[in-house]
>>> print(open('work_7.txt').read())   # compact mmCIF, C-alpha atoms
# COMPACT_ATOMS: atom_id res chain seq x y z
CA MET A 1 -19.62 -25.37 89.67
CA THR A 2 -19.16 -23.53 86.37
CA VAL A 3 -16.32 -24.31 84.08
CA ARG A 4 -14.86 -21.40 82.27
CA PRO A 5 -12.57 -21.96 79.35
CA THR A 6 -9.17 -20.52 79.95
CA VAL A 7 -7.89 -18.12 77.36
CA PRO A 8 -4.18 -17.62 77.01
CA ALA A 9 -2.92 -14.13 77.91
CA SER A 10 -1.86 -13.26 74.35
CA ALA A 11 -5.29 -14.15 72.96
CA SER A 12 -7.10 -12.15 75.63
CA GLY A 13 -5.12 -9.04 74.67
CA LEU A 14 -6.07 -9.62 71.06
CA LEU A 15 -9.75 -9.96 71.91
CA ARG A 16 -9.59 -6.75 73.93
CA ARG A 17 -8.08 -4.92 70.98
CA LEU A 18 -10.71 -6.25 68.60
CA ARG A 19 -13.48 -4.98 70.88
CA ASP A 20 -11.83 -1.57 71.12
CA GLU A 21 -13.53 0.76 68.60
CA ARG A 22 -11.56 3.95 69.12
CA GLY A 23 -10.29 4.36 65.49
CA TYR A 24 -7.48 6.71 64.50
CA THR A 25 -6.51 9.84 66.30
CA LEU A 26 -6.61 13.20 64.51
CA THR A 27 -2.82 13.38 64.57
CA GLU A 28 -2.49 9.99 62.85
CA LEU A 29 -5.05 10.99 60.23
CA LEU A 30 -3.30 14.30 59.46
CA ALA A 31 0.07 12.56 59.19
CA ALA A 32 -1.34 9.99 56.74
CA LEU A 33 -3.03 12.71 54.66
CA SER A 34 0.17 14.77 54.57
CA ILE A 35 2.15 11.82 53.26
CA LEU A 36 -0.55 11.08 50.68
CA LEU A 37 -0.59 14.73 49.55
CA ILE A 38 3.20 14.72 49.03
CA VAL A 39 3.04 11.52 46.97
CA VAL A 40 0.10 12.70 44.83
CA THR A 41 1.68 16.14 44.22
CA THR A 42 4.93 14.53 43.11
CA LEU A 43 3.15 12.13 40.76
CA ALA A 44 1.01 14.94 39.31
CA GLY A 45 4.14 16.99 38.61
CA VAL A 46 5.73 14.05 36.81
CA PHE A 47 2.60 13.48 34.69
CA VAL A 48 2.26 17.18 33.77
CA SER A 49 5.94 17.38 32.85
CA GLY A 50 5.65 14.28 30.68
CA SER A 51 2.52 15.59 29.00
CA ASN A 52 4.19 18.93 28.20
CA ALA A 53 7.27 17.17 26.81
CA GLU A 54 5.08 14.95 24.64
CA ALA A 55 3.15 17.95 23.27
CA GLU A 56 6.37 19.82 22.46
CA LEU A 57 7.84 16.75 20.78
CA ARG A 58 4.67 16.34 18.69
CA MET A 59 4.83 20.02 17.61
CA ARG A 60 8.53 19.71 16.73
CA PHE A 61 7.93 16.54 14.72
CA GLN A 62 5.02 18.14 12.84
CA ALA A 63 7.07 21.26 12.00
CA GLN A 64 9.99 19.14 10.77
CA SER A 65 7.71 16.89 8.75
CA ASP A 66 6.00 19.90 7.14
CA ALA A 67 9.42 21.34 6.23
CA ARG A 68 10.54 18.08 4.61
CA LEU A 69 7.30 17.89 2.60
CA ALA A 70 7.67 21.54 1.53
CA LEU A 71 11.25 20.89 0.39
CA GLU A 72 10.17 17.83 -1.59
CA ARG A 73 7.33 19.74 -3.24
CA LEU A 74 9.59 22.68 -4.07
CA ARG A 75 12.19 20.27 -5.46
CA ARG A 76 9.63 18.72 -7.84
CA GLU A 77 8.36 22.13 -8.90
CA ILE A 78 11.85 23.54 -9.53
CA HIS A 79 12.84 20.49 -11.58
CA ASN A 80 9.83 21.12 -13.84
CA THR A 81 10.30 24.89 -14.00
CA CYS A 82 11.47 26.54 -17.20
CA SER A 83 12.25 30.01 -15.79
CA VAL A 84 12.91 31.58 -12.39
CA THR A 85 12.43 35.15 -11.18
CA PHE A 86 14.40 35.69 -7.99
CA THR A 87 12.92 38.71 -6.19
CA SER A 88 14.60 38.40 -2.79
CA ALA A 89 15.76 35.86 -0.24
CA ALA A 90 12.11 35.74 0.85
CA THR A 91 10.40 35.38 -2.55
CA VAL A 92 10.98 33.36 -5.71
CA THR A 93 8.63 32.93 -8.69
CA LEU A 94 8.79 29.73 -10.74
CA TYR A 95 7.37 29.61 -14.27
CA SER A 96 6.05 26.40 -15.81
CA GLU A 97 5.13 25.61 -19.38
CA ASN A 98 1.59 26.26 -20.57
CA ALA A 99 0.51 23.43 -22.89
CA ALA A 100 -2.54 25.41 -24.08
CA ALA A 101 -0.28 28.23 -25.29
CA GLY A 102 2.18 26.11 -27.27
CA TYR A 103 4.34 25.16 -24.29
CA THR A 104 5.42 28.70 -23.56
CA CYS A 105 6.92 29.44 -20.18
CA THR A 106 4.02 31.52 -18.80
CA VAL A 107 2.45 29.83 -15.74
CA PRO A 108 3.76 31.52 -12.56
CA ASN A 109 3.74 30.12 -9.01
CA THR A 110 5.35 32.17 -6.26
CA TRP A 111 6.95 30.84 -3.09
CA CYS A 112 7.54 33.23 -0.22
CA THR A 113 8.20 33.52 3.49
CA VAL A 114 5.83 35.60 5.60
CA GLY A 115 6.09 36.43 9.27
CA SER A 116 7.84 38.65 11.77
CA GLY A 117 10.21 38.49 14.69
CA SER A 118 11.44 34.94 15.04
CA ARG A 119 8.55 33.04 13.45
CA TYR A 120 8.12 32.79 9.69
CA ALA A 121 6.21 30.46 7.38
CA VAL A 122 6.61 29.34 3.76
CA TYR A 123 3.64 29.90 1.46
CA ARG A 124 2.95 29.01 -2.19
CA LYS A 125 0.53 30.98 -4.30
CA ALA A 126 -0.41 30.88 -7.98
CA GLY A 127 0.59 34.08 -9.75
CA THR A 128 3.44 36.53 -9.33
CA THR A 129 2.61 37.79 -5.85
CA CYS A 130 2.63 35.92 -2.58
CA ASP A 131 1.30 36.53 0.90
CA ASN A 132 -0.20 34.58 3.78
CA SER A 133 -3.40 33.96 1.81
CA GLY A 134 -1.54 31.32 -0.20
CA GLU A 135 -1.07 27.69 0.73
CA LEU A 136 0.85 27.24 3.99
CA LEU A 137 3.59 24.65 3.50
CA ALA A 138 5.97 25.02 6.44
CA ASP A 139 5.86 26.92 9.72
CA TYR A 140 8.18 27.86 12.61
CA LEU A 141 11.04 29.10 10.42
CA THR A 142 13.53 31.27 12.30
CA SER A 143 14.34 33.57 9.36
CA ASN A 144 12.73 34.90 6.21
CA SER A 145 15.96 34.54 4.20
CA VAL A 146 15.13 31.16 2.74
CA PHE A 147 15.80 31.30 -1.00
CA SER A 148 18.96 31.88 -3.02
CA TYR A 149 19.61 31.81 -6.77
CA THR A 150 22.64 30.80 -8.81
CA ALA A 151 22.45 32.08 -12.40
CA PRO A 152 23.31 29.78 -15.30
CA SER A 153 26.91 29.97 -16.50
CA ALA A 154 29.23 28.05 -18.82
CA GLY A 155 26.72 25.36 -19.72
CA LYS A 156 25.49 24.89 -16.16
CA LEU A 157 21.85 25.03 -15.24
CA PRO A 158 20.58 27.68 -12.83
CA LYS A 159 19.96 26.58 -9.25
CA VAL A 160 17.51 27.65 -6.60
CA GLY A 161 18.84 27.24 -3.10
CA LEU A 162 16.68 26.63 -0.07
CA ALA A 163 17.70 26.89 3.59
CA LEU A 164 15.02 26.13 6.17
CA ASN A 165 15.84 26.53 9.87
CA ILE A 166 12.97 25.20 11.97
CA ASP A 167 12.60 25.80 15.72
CA ILE A 168 9.28 25.81 17.59
CA ARG A 169 10.86 27.69 20.52
CA PRO A 170 13.50 30.00 19.08
CA GLY A 171 15.97 31.26 21.64
CA GLN A 172 14.78 28.81 24.29
CA SER A 173 16.11 25.55 22.93
CA PRO A 174 19.16 24.47 20.95
CA ASN A 175 16.98 22.22 18.79
CA VAL A 176 17.16 23.96 15.40
CA TYR A 177 16.31 21.60 12.55
CA ARG A 178 18.08 22.58 9.31
CA LEU A 179 17.17 21.59 5.77
CA GLN A 180 19.33 22.85 2.91
CA ASP A 181 19.41 22.06 -0.76
CA ALA A 182 20.43 23.54 -4.11
CA ILE A 183 18.01 22.40 -6.80
CA ALA A 184 18.76 22.58 -10.52
CA VAL A 185 16.17 24.05 -12.88
CA ARG A 186 16.15 21.13 -15.31
CA ASN A 187 13.71 22.56 -17.86
CA TYR A 188 15.56 25.86 -18.13
CA LEU A 189 15.13 27.39 -21.57
CA ARG A 190 18.62 27.93 -22.98
CA SER A 191 19.04 30.61 -25.58
>>> encode(input="work_7.txt", output="structure tokens")
Amino acid sequence: MTVRPTVPASASGLLRRLRDERGYTLTELLAALSILLIVVTTLAGVFVSGSNAEAELRMRFQAQSDARLALERLRREIHNTCSVTFTSAATVTLYSENAAAGYTCTVPNTWCTVGSGSRYAVYRKAGTTCDNSGELLADYLTSNSVFSYTAPSAGKLPKVGLALNIDIRPGQSPNVYRLQDAIAVRNYLRS
């Protein structure tokens, strides 16, 4: 007589399932892949959107930072200027003293805006003319009317005004960054 161990019914069903090597059906596999594709596509869209937003924010920050640095540099140069020639709202020439020539007001540096359409840039160039071969100081301006001039009167110093409107996507976003200042020409030669 042979003794066989008795296996409970629930365990025998489990053993039968473990021995079954059928795998997944094609329908189950396609359903799982479809769900995975939806999840991955959604995540990729979120990552691409975040990457684009980060790149735009970096460009906007750089343009605003460049504008602030240009304003600070122009402010220092205007404070040390002895004479101003205001050509237009797009060009201003600042004259500094020449120590080699007896501190005469003869060293010109011209600031100008160059561009077209809705994108302009501020350049600085030694001399009395200015173009885009000068030093680029600020970009993504929305207008070329940047400079203004207030002539001296009744004991007041002349002032050079500056209005920078910065927008990396003009017309597409309401994010215009504005910098405005009126800077006195402290070394103005009074007659």
>>> residues_near_point(input="work_7.txt", point="(11.5, 23.5, -13.8)", cutoff="12 Å", atoms="only C-alpha atoms", output="ChimeraX atom specification")
/A:73-85,93-97,105,107-109,157-160,183-189
>>> residues_near_point(input="work_7.txt", point="(18.8, 23.9, -2.7)", cutoff="7 Å", atoms="all atoms listed in the file", output="JSON, numbers by chain")
{"A": [160, 161, 162, 180, 181, 182, 183]}
>>> closest_residue(input="work_7.txt", among="A:Tyr149, A:Ala138, A:Tyr177, A:Gln172", to="Leu69 (chain A)", atoms="all atoms listed in the file")
A:Ala138
>>> atom_distance(input="work_7.txt", atom1="CA of Arg169 (chain A)", atom2="CA of Ser133 (chain A)")
24.3 Å
>>> atom_distance(input="work_7.txt", atom1="CA of Ser118 (chain A)", atom2="CA of Thr142 (chain A)")
5.0 Å
>>> closest_residue(input="work_7.txt", among="A:Val176, A:Ala99, A:Ala70, A:Val40", to="Trp111 (chain A)", atoms="only C-alpha atoms")
A:Ala70
>>> closest_residue(input="work_7.txt", among="A:Asn175, A:Ala89, A:Ala63, A:Gly155", to="Leu141 (chain A)", atoms="all atoms listed in the file")
A:Ala63
>>> axis_aligned_box(input="work_7.txt", around="region 82-97 of chain A", padding_each_side="5 Å", output="AutoDock Vina command-line options")
--center_x 10.4 --center_y 32.2 --center_z -9.3 --size_x 20.6 --size_y 23.1 --size_z 30.2
>>> atom_distance(input="work_7.txt", atom1="CA of Arg58 (chain A)", atom2="CA of Ala163 (chain A)")
22.6 Å
>>> closest_residue(input="work_7.txt", among="A:Leu57, A:Ala90, A:Cys112, A:Leu14", to="Asn132 (chain A)", atoms="only C-alpha atoms")
A:Cys112
>>> closest_residue(input="work_7.txt", among="A:Leu71, A:Val92, A:Ala154, A:Met59", to="Arg178 (chain A)", atoms="all atoms listed in the file")
A:Leu71
>>> residues_around(input="work_7.txt", residues="Ser143 (chain A)", least_positions_apart="6", cutoff="8 Å", atoms="all atoms listed in the file", output="short mmCIF file (atom, residue, chain, number, x, y, z; two decimals) with C-alpha atoms, keeping the file's coordinate frame")
data_model
loop_
_atom_site.label_atom_id
_atom_site.label_comp_id
_atom_site.auth_asym_id
_atom_site.auth_seq_id
_atom_site.Cartn_x
_atom_site.Cartn_y
_atom_site.Cartn_z
CA SER A 118 11.44 34.94 15.04
CA ARG A 119 8.55 33.04 13.45
CA TYR A 120 8.12 32.79 9.69
CA ASN A 165 15.84 26.53 9.87
#
>>> closest_residue(input="work_7.txt", among="A:Val46, A:Leu137, A:Leu179, A:Ile38", to="Thr113 (chain A)", atoms="only C-alpha atoms")
A:Leu137
